[in-house]
Structures are given as structure tokens and as C-alpha cells.
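Shown here: upload04.txt, compact mmCIF, C-alpha atoms.
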# COMPACT_ATOMS: atom_id res chain seq x y z
CA MET A 1 -0.03 8.20 2.88
CA PRO A 2 -2.91 6.88 0.71
CA THR A 3 -4.82 9.29 -1.54
CA LEU A 4 -8.06 8.84 0.43
CA THR A 5 -6.27 9.76 3.66
CA ARG A 6 -4.89 12.93 2.06
CA TRP A 7 -8.38 13.94 0.89
CA MET A 8 -9.90 13.22 4.29
CA ILE A 9 -7.25 15.11 6.25
CA ARG A 10 -7.31 18.13 3.93
CA SER A 11 -11.12 18.18 3.98
CA SER A 12 -11.03 17.98 7.78
CA PHE A 13 -8.88 21.13 7.80
CA ALA A 14 -11.52 22.86 5.65
CA TRP A 15 -14.27 21.93 8.15
CA LEU A 16 -12.06 23.11 11.01
CA ALA A 17 -11.73 26.47 9.26
CA ILE A 18 -15.49 26.65 8.57
CA GLY A 19 -16.27 25.84 12.21
CA MET A 20 -13.86 28.50 13.41
CA VAL A 21 -15.26 31.13 11.02
CA ILE A 22 -18.79 30.48 12.33
CA GLN A 23 -17.46 30.69 15.89
CA ALA A 24 -15.64 33.96 15.17
CA ALA A 25 -18.74 35.49 13.54
CA SER A 26 -21.08 34.53 16.41
CA PRO A 27 -20.45 37.60 18.64
CA PHE A 28 -21.37 39.87 15.71
CA SER A 29 -24.58 38.03 14.77
CA SER A 30 -26.91 40.87 15.80
CA ALA A 31 -24.99 43.33 13.60
CA LEU A 32 -25.13 41.07 10.55
CA PRO A 33 -27.89 41.45 7.94
CA ALA A 34 -29.28 37.94 8.47
CA PRO A 35 -28.93 37.03 12.16
CA ARG A 36 -31.35 34.10 11.88
CA LEU A 37 -29.22 32.50 9.19
CA LEU A 38 -26.20 32.79 11.47
CA ALA A 39 -28.20 31.27 14.33
CA GLY A 40 -28.80 28.27 12.08
CA LEU A 41 -25.09 28.06 11.31
CA ARG A 42 -24.32 28.06 15.03
CA ALA A 43 -26.38 24.89 15.36
CA PHE A 44 -24.06 23.40 12.73
CA GLU A 45 -20.81 24.73 14.23
CA LEU A 46 -20.34 21.91 16.77
CA HIS A 47 -20.81 19.29 14.04
CA ALA A 48 -18.39 21.05 11.69
CA LEU A 49 -15.78 20.59 14.42
CA THR A 50 -16.71 17.16 15.82
CA VAL A 51 -17.78 15.43 12.59
CA GLY A 52 -16.09 17.41 9.79
CA TRP A 53 -12.81 17.95 11.62
CA LEU A 54 -12.24 15.38 14.40
CA THR A 55 -14.16 12.37 13.09
CA GLN A 56 -12.97 12.83 9.51
CA LEU A 57 -9.37 13.21 10.70
CA ILE A 58 -9.76 9.96 12.66
CA PHE A 59 -11.31 8.21 9.62
CA GLY A 60 -8.37 9.29 7.44
CA VAL A 61 -5.68 8.25 9.91
CA VAL A 62 -7.40 4.92 10.68
CA PHE A 63 -7.61 4.12 6.94
CA TRP A 64 -3.90 4.78 6.69
CA MET A 65 -2.44 3.33 9.91
CA PHE A 66 -4.59 0.41 11.09
CA PRO A 67 -3.33 -3.17 10.53
CA LYS A 68 -3.79 -4.61 7.05
CA ALA A 69 -7.08 -6.41 6.41
CA SER A 70 -5.43 -8.90 4.04
CA LEU A 71 -2.52 -9.12 1.61
CA GLU A 72 -4.85 -8.63 -1.37
CA LYS A 73 -6.80 -5.74 0.14
CA PRO A 74 -4.57 -4.21 2.84
CA ARG A 75 -6.95 -1.31 3.53
CA GLY A 76 -10.20 -3.16 3.03
CA SER A 77 -12.46 -1.85 0.28
CA GLU A 78 -11.19 1.34 -1.39
CA HIS A 79 -14.70 1.87 -2.81
CA LEU A 80 -16.23 1.74 0.67
CA GLY A 81 -13.54 4.19 1.84
CA TRP A 82 -14.40 6.65 -0.91
CA ALA A 83 -18.12 6.15 -0.26
CA THR A 84 -17.45 7.09 3.38
CA TYR A 85 -15.65 10.23 2.24
CA GLY A 86 -18.34 11.25 -0.25
CA CYS A 87 -21.29 10.59 2.06
CA LEU A 88 -19.69 12.35 5.02
CA ASN A 89 -18.72 15.51 3.18
CA PHE A 90 -21.82 15.80 0.99
CA GLY A 91 -23.91 15.16 4.11
CA LEU A 92 -22.12 17.96 5.96
CA VAL A 93 -22.54 20.37 3.02
CA LEU A 94 -26.29 19.63 2.97
CA ARG A 95 -26.45 20.34 6.70
CA LEU A 96 -24.47 23.56 6.25
CA VAL A 97 -27.17 24.66 3.78
CA GLY A 98 -30.14 23.11 5.59
CA GLU A 99 -29.60 24.44 9.12
CA PRO A 100 -29.77 28.17 8.18
CA LEU A 101 -32.79 27.47 5.94
CA ALA A 102 -34.55 25.75 8.85
CA ALA A 103 -33.60 28.59 11.25
CA ALA A 104 -34.88 31.20 8.78
CA GLY A 105 -38.21 29.40 8.56
CA LEU A 106 -37.70 28.22 4.98
CA THR A 107 -38.93 24.80 6.00
CA ALA A 108 -39.84 23.52 2.53
CA SER A 109 -36.20 23.78 1.44
CA ALA A 110 -34.82 22.53 4.74
CA ALA A 111 -37.34 19.71 4.72
CA TRP A 112 -35.31 17.69 2.24
CA ALA A 113 -31.80 18.98 3.03
CA LEU A 114 -31.68 17.90 6.68
CA PRO A 115 -33.08 14.35 6.26
CA ALA A 116 -30.83 13.82 3.23
CA SER A 117 -27.87 15.03 5.28
CA ALA A 118 -28.90 12.69 8.12
CA VAL A 119 -29.02 9.66 5.82
CA LEU A 120 -25.68 10.47 4.15
CA GLN A 121 -23.80 10.96 7.44
CA TRP A 122 -25.36 7.79 8.83
CA LEU A 123 -24.26 5.84 5.75
CA ALA A 124 -20.75 7.30 6.09
CA ALA A 125 -20.52 6.04 9.69
CA LEU A 126 -21.81 2.58 8.77
CA ALA A 127 -19.47 2.34 5.75
CA PHE A 128 -16.50 3.30 7.93
CA VAL A 129 -17.43 0.76 10.61
CA GLY A 130 -17.94 -1.95 7.97
CA ASN A 131 -14.61 -1.25 6.30
CA THR A 132 -12.62 -0.93 9.53
CA TRP A 133 -14.00 -3.88 11.54
CA ALA A 134 -11.82 -6.54 9.89
CA ARG A 135 -8.70 -4.43 10.42
CA VAL A 136 -9.14 -4.39 14.22
CA LYS A 137 -7.49 -7.66 15.14
CA GLU A 138 -4.93 -9.22 17.45
CA ARG A 139 -1.53 -10.03 16.03
CA MET B 1 -2.87 -4.98 18.21
CA PRO B 2 -3.13 -6.04 21.88
CA ARG B 3 -6.44 -7.55 23.05
CA LEU B 4 -7.41 -4.45 25.06
CA THR B 5 -7.05 -2.30 21.92
CA VAL B 6 -9.17 -4.73 19.90
CA VAL B 7 -11.92 -4.66 22.55
CA ALA B 8 -11.82 -0.86 23.02
CA VAL B 9 -11.67 -0.01 19.30
CA ARG B 10 -14.45 -2.45 18.39
CA ALA B 11 -16.56 -1.05 21.24
CA ALA B 12 -15.82 2.44 19.88
CA LEU B 13 -16.99 1.37 16.40
CA VAL B 14 -20.24 -0.04 17.83
CA HIS B 15 -20.82 3.21 19.72
CA LEU B 16 -20.15 5.17 16.51
CA ALA B 17 -22.77 3.12 14.65
CA ILE B 18 -25.43 3.49 17.38
CA GLY B 19 -24.63 7.14 18.11
CA ALA B 20 -24.74 8.03 14.41
CA THR B 21 -28.09 6.25 14.06
CA PHE B 22 -29.56 8.35 16.88
CA GLY B 23 -28.00 11.48 15.38
CA ALA B 24 -29.52 10.70 11.98
CA LEU B 25 -32.98 10.24 13.55
CA ILE B 26 -32.70 13.56 15.42
CA LEU B 27 -31.51 15.43 12.31
CA TRP B 28 -34.19 13.86 10.10
CA ASP B 29 -36.79 14.92 12.67
CA LYS B 30 -35.52 18.50 12.48
CA GLY B 31 -36.34 18.66 8.74
CA MET B 32 -39.32 16.31 8.59
CA PRO B 33 -40.80 15.75 12.06
CA LEU B 34 -41.32 12.07 12.91
CA SER B 35 -41.90 12.06 16.67
CA PRO B 36 -41.57 14.63 19.47
CA HIS B 37 -39.75 11.96 21.51
CA LEU B 38 -36.75 11.87 19.17
CA ARG B 39 -35.24 15.07 20.60
CA GLY B 40 -34.99 13.18 23.89
CA LEU B 41 -32.28 11.02 22.31
CA LEU B 42 -29.89 13.99 22.17
CA PRO B 43 -28.05 13.39 25.51
CA THR B 44 -27.65 9.69 24.65
CA HIS B 45 -26.38 10.58 21.15
CA ARG B 46 -23.85 12.98 22.66
CA GLU B 47 -22.66 10.48 25.30
CA LEU B 48 -22.27 7.61 22.85
CA LEU B 49 -20.27 9.66 20.37
CA LEU B 50 -18.09 11.79 22.63
CA VAL B 51 -17.30 9.18 25.29
CA GLY B 52 -18.13 5.86 23.66
CA TRP B 53 -16.60 6.65 20.26
CA MET B 54 -13.96 9.37 20.48
CA ILE B 55 -12.54 8.97 23.99
CA GLN B 56 -12.67 5.17 23.87
CA LEU B 57 -10.97 5.07 20.44
CA ALA B 58 -8.22 7.39 21.69
CA MET B 59 -7.66 5.21 24.78
CA GLY B 60 -7.56 2.00 22.76
CA VAL B 61 -5.12 3.37 20.20
CA ALA B 62 -2.94 5.01 22.88
CA TYR B 63 -2.63 1.68 24.70
CA TRP B 64 -1.40 0.16 21.43
CA ILE B 65 1.03 2.79 20.15
CA LEU B 66 2.56 4.53 23.16
CA PRO B 67 6.24 3.52 23.71
CA ARG B 68 6.65 0.11 25.34
CA PHE B 69 8.97 -0.91 28.17
CA SER B 70 11.98 -3.06 27.32
CA GLU B 71 11.74 -4.94 30.65
CA GLY B 72 8.73 -6.52 32.38
CA GLU B 73 5.26 -5.99 30.94
CA PRO B 74 5.83 -4.12 27.67
CA ARG B 75 2.68 -2.00 28.13
CA GLY B 76 2.99 -1.38 31.85
CA ARG B 77 0.14 -2.54 34.06
CA PRO B 78 -2.60 -3.95 31.82
CA ALA B 79 -4.95 -4.52 34.79
CA ILE B 80 -5.21 -0.76 35.31
CA ALA B 81 -5.92 -0.19 31.62
CA TRP B 82 -8.61 -2.92 31.65
CA ALA B 83 -10.18 -1.37 34.76
CA SER B 84 -10.20 1.97 32.94
CA VAL B 85 -11.99 0.57 29.87
CA LEU B 86 -14.54 -1.24 32.05
CA ALA B 87 -15.22 1.87 34.16
CA LEU B 88 -15.59 3.99 31.02
CA ASN B 89 -18.15 1.65 29.49
CA PHE B 90 -20.19 1.15 32.68
CA GLY B 91 -20.11 4.90 33.27
CA LEU B 92 -21.11 5.93 29.81
CA HIS B 93 -23.96 3.42 29.58
CA LEU B 94 -25.29 4.39 33.00
CA THR B 95 -25.22 8.03 31.90
CA ALA B 96 -26.61 7.39 28.42
CA TRP B 97 -29.53 5.07 29.23
CA HIS B 98 -30.59 6.01 32.77
CA ARG B 99 -33.78 7.71 31.58
CA PHE B 100 -34.83 4.79 29.40
CA LEU B 101 -34.12 2.32 32.22
CA GLY B 102 -36.13 4.34 34.74
CA LEU B 103 -33.08 4.86 36.95
CA PRO B 104 -32.99 7.81 39.38
CA PRO B 105 -31.18 11.01 38.29
CA GLU B 106 -28.40 10.22 40.80
CA SER B 107 -27.30 7.42 38.49
CA VAL B 108 -25.91 10.10 36.15
CA ALA B 109 -23.59 11.23 38.94
CA VAL B 110 -22.47 7.62 39.46
CA GLY B 111 -21.93 7.28 35.70
CA ARG B 112 -19.88 10.47 35.58
CA LEU B 113 -17.79 9.34 38.57
CA LEU B 114 -17.07 6.06 36.78
CA GLU B 115 -15.99 8.05 33.70
CA LEU B 116 -13.75 10.18 35.91
CA ALA B 117 -12.27 7.02 37.44
CA ALA B 118 -11.66 5.70 33.92
CA ALA B 119 -9.78 8.87 32.98
CA VAL B 120 -7.65 8.80 36.15
CA LEU B 121 -6.87 5.08 35.77
CA PHE B 122 -5.95 5.48 32.13
CA ALA B 123 -3.69 8.45 32.85
CA ALA B 124 -2.05 6.48 35.69
CA HIS B 125 -1.41 3.59 33.31
CA ALA B 126 -0.16 5.71 30.40
CA TRP B 127 1.89 8.29 32.34
CA PRO B 128 5.14 6.25 32.58
CA ARG B 129 4.87 5.29 28.89
CA VAL B 130 4.95 8.92 27.77
CA ARG B 131 8.70 9.35 27.35
CA ALA B 132 11.42 9.77 24.74
CA PHE B 133 12.48 6.65 22.81
CA GLY B 134 15.49 4.87 24.33
CA THR B 135 14.92 6.21 27.86
Entire entry expressed as C-alpha cells:
Amino acid sequence: MPTLTRWMIRSSFAWLAIGMVIQAASPFSSALPAPRLLAGLRAFELHALTVGWLTQLIFGVVFWMFPKASLEKPRGSEHLGWATYGCLNFGLVLRLVGEPLAAAGLTASAAWALPASAVLQWLAALAFVGNTWARVKER
Amino acid sequence: MPRLTVVAVRAALVHLAIGATFGALILWDKGMPLSPHLRGLLPTHRELLLVGWMIQLAMGVAYWILPRFSEGEPRGRPAIAWASVLALNFGLHLTAWHRFLGLPPESVAVGRLLELAAAVLFAAHAWPRVRAFGT
């Protein structure tokens, strides 16, 4: 298994755990000291599971298992693969911070975190598509 | 990779790119408002990513890697699998774009029925291939 795949799969487990923690805490939100912050996290919960866990797991397995792009570069561009990983996870971290800030009304701080997160996750998707396209081919 | 897998996986990648673009616009708008209309992209974003990206990728890869038959068509009945991919794409696009195309709300029900047909057809195709090796 390539190093990038190991990082992606292990990171996906971390996002699965984060999503589940938010889900488990939701019924107790009114008893917590900052219920509005938790409400913001709940907006993020679905994306922790669908983007951080499922999509990242798919990215990692595709990078590992799909047909070779070429003999010289069997997995396409390693740099593009790592850029996908960095953009996706940094984008998710920014959203994890930005959503509660937005929900708590701290809009000045959220104002940069959410658009930055949006751009990073978008770049991650485009980098993955660009790096994977040539590996999807008939034998 | 068989041709059906190439078509389905490439379609899934295109849906990922478009769905992620819509998602990025919606999330940007949440931090720095651009247009009140952007929130209206949410159902399309969801449809493109859940059905067009994830489900379609899973179907394409399953068609490729599930155990093959040693006699006859190695991957069972490809016509059923092709019908499934076509139904999925017609269904998801009908559901995703009906508002932008000015189609009546009933078109969502038609889109969902096509998606259901895609799921049933794919399961019918894949069912006999889900077995232990050597059987």
C-alpha cells in the first residue's frame, strides 16, 4: 500500500471518529456550555462523514488500486496526490473551525475560514479528478 | 477495466468536479455572501455527489472487480448493467436540474423512480456474481 494511501485511510478514520463524536454529543447540546457552537458543528457533521471519511477513503483506495497510468508514473503525479490530501484535510479543519464560529455569530472570523475551506476542498476534488482521469482506461 | 466501468467511473469523476464546485460556492457564500440564489444549489449539489459520484463510482468499480463467470459472459449480463447506468444518470439529472429546466415537480418522482430502477437492475446483474471463488 503506498504511503499516500496509508495517510488518507488513517485520516479518514480520524474524520469518522470526529463525525461520530459530534453525533454522540448532539442529544446533550442544550446541557453543554456552548450550545450554539455545537449547532455549528452539527452542520459540519455530515461533511466529516461524507467528505472526511467516505470520499477520502475512496481517494486513498483509488490511488492504490486503479490501473497504472504509465510505466514511468504508475500512480500519476505523486505531488498532485499529496496536494489532494493536504487541500482536503486542511480544508476540512478550516470548516471544523469556521462552522461553529459562524453559528456563534463570530462572522469576522468565519468570514475567511469558510471561503478558504471551500476553495481548498474544491482544489482537492479537481486535483483528484485530474490525477485519476488517465488511470480510468480500457485494457 | 471494462468499457462500462470506464464510462461509469469517468461520469462519477465529472459529477465529483461539478458537485464540488457547487459545494464550494455554497460554502463560500456561507462565510462571505455572494448571492441569495446560491443556497438553491444545495439539492443539486447533494444529488450530484451522493448519486452521481459515490453510488455511480461504487457501481462502476463493482462491475469491474466482482468475481467473473468461467463460462459464457464473464461479467454476466452486460445489457442489464448498461441499462442500470443509463437509468441512474437520466434519473439523477432529472432530479438535479428539474428546477433550472422549469420542469414540473412530478419530474423529481420520475427521476427517483429511474434511480430506483437503476438500483434494482444493478442488484439483479450483480447478485449471481456475489459468491465464493471457485464456485
- Item | Residue neighbourhood region 118-125 of chain A, 10 Å, all atoms listed in the file, exclusion window fewer than 3 positions, as a PyMOL selection string | (chain A and resi 51+55+59+80-92+94-95+113-115+128-131) or (chain B and resi 13+16-31)
- Message: Counting all atoms listed in the file, which residue out of A:Leu46, A:Leu32, A:Leu38, A:Ala14 sits closest to Arg46 (chain B)?
- Response: A:Leu46
Mind running region 15-134 of chain A against region 50-59 of chain B at 9 Å and telling me each contacting residue's nearest atom pair with the distance in Å (one decimal), counting only C-alpha atoms, chain and number ascending, as JSON lines?
{"residue": "A:Thr50", "atom": "CA", "partner": "B:Leu50", "partner_atom": "CA", "distance": 8.8}
{"residue": "A:Leu54", "atom": "CA", "partner": "B:Met54", "partner_atom": "CA", "distance": 8.7}
{"residue": "A:Thr55", "atom": "CA", "partner": "B:Met54", "partner_atom": "CA", "distance": 8.0}
{"residue": "A:Ile58", "atom": "CA", "partner": "B:Met54", "partner_atom": "CA", "distance": 8.9}
- Do you have the CA of Leu41 (chain B)-CA of Gly102 (chain B) distance handy?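 Between CA of Leu41 (chain B) and CA of Gly102 (chain B) the gap is 14.6 Å.
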- Task: Do a neighbour search on Phe90 (chain B) at 12 Å with all atoms listed in the file, toss out local chain neighbours closer than 6 positions, and write the hits as a list in words.
- Result: Leu48, Val51, Gly52, Ala83, Ser84, Ala96, Trp97, His98, Ser107, Val108, Val110, Gly111, Arg112, Leu113, Leu114, Glu115, Leu116, Ala117 and Ala118 of chain B
Produce a file of the selected residues containing C-alpha atoms, as a tab-separated table (two decimals), keeping the file's coordinate frame.
chain	number	residue	atom	x	y	z
B	48	LEU	CA	-22.27	7.61	22.85
B	51	VAL	CA	-17.30	9.18	25.29
B	52	GLY	CA	-18.13	5.86	23.66
B	83	ALA	CA	-10.18	-1.37	34.76
B	84	SER	CA	-10.20	1.97	32.94
B	96	ALA	CA	-26.61	7.39	28.42
B	97	TRP	CA	-29.53	5.07	29.23
B	98	HIS	CA	-30.59	6.01	32.77
B	107	SER	CA	-27.30	7.42	38.49
B	108	VAL	CA	-25.91	10.10	36.15
B	110	VAL	CA	-22.47	7.62	39.46
B	111	GLY	CA	-21.93	7.28	35.70
B	112	ARG	CA	-19.88	10.47	35.58
B	113	LEU	CA	-17.79	9.34	38.57
B	114	LEU	CA	-17.07	6.06	36.78
B	115	GLU	CA	-15.99	8.05	33.70
B	116	LEU	CA	-13.75	10.18	35.91
B	117	ALA	CA	-12.27	7.02	37.44
B	118	ALA	CA	-11.66	5.70	33.92
- What is the distance, in Å and to one decimal place, between CA of Gln23 (chain A) and CA of Leu4 (chain A)?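 Between CA of Gln23 (chain A) and CA of Leu4 (chain A) the gap is 28.4 Å.
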- Task: Rank B:Gly72, B:Val61, B:Thr44, B:Thr95 by their smallest atom-to-atom distance to chain A, using all atoms listed in the file, and report the top residue only.
- Result: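 Result for the nearest residue to chain A: B:Val61.
The space between CA of Ile80 (chain B) and CA of Ala134 (chain A) spans 26.9 Å.
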- Note on the structure: Judged by all atoms listed in the file, the minimum distance to Pro67 (chain A) among B:Pro67, B:Pro2, B:Pro78, B:Pro105 is found for B:Pro2
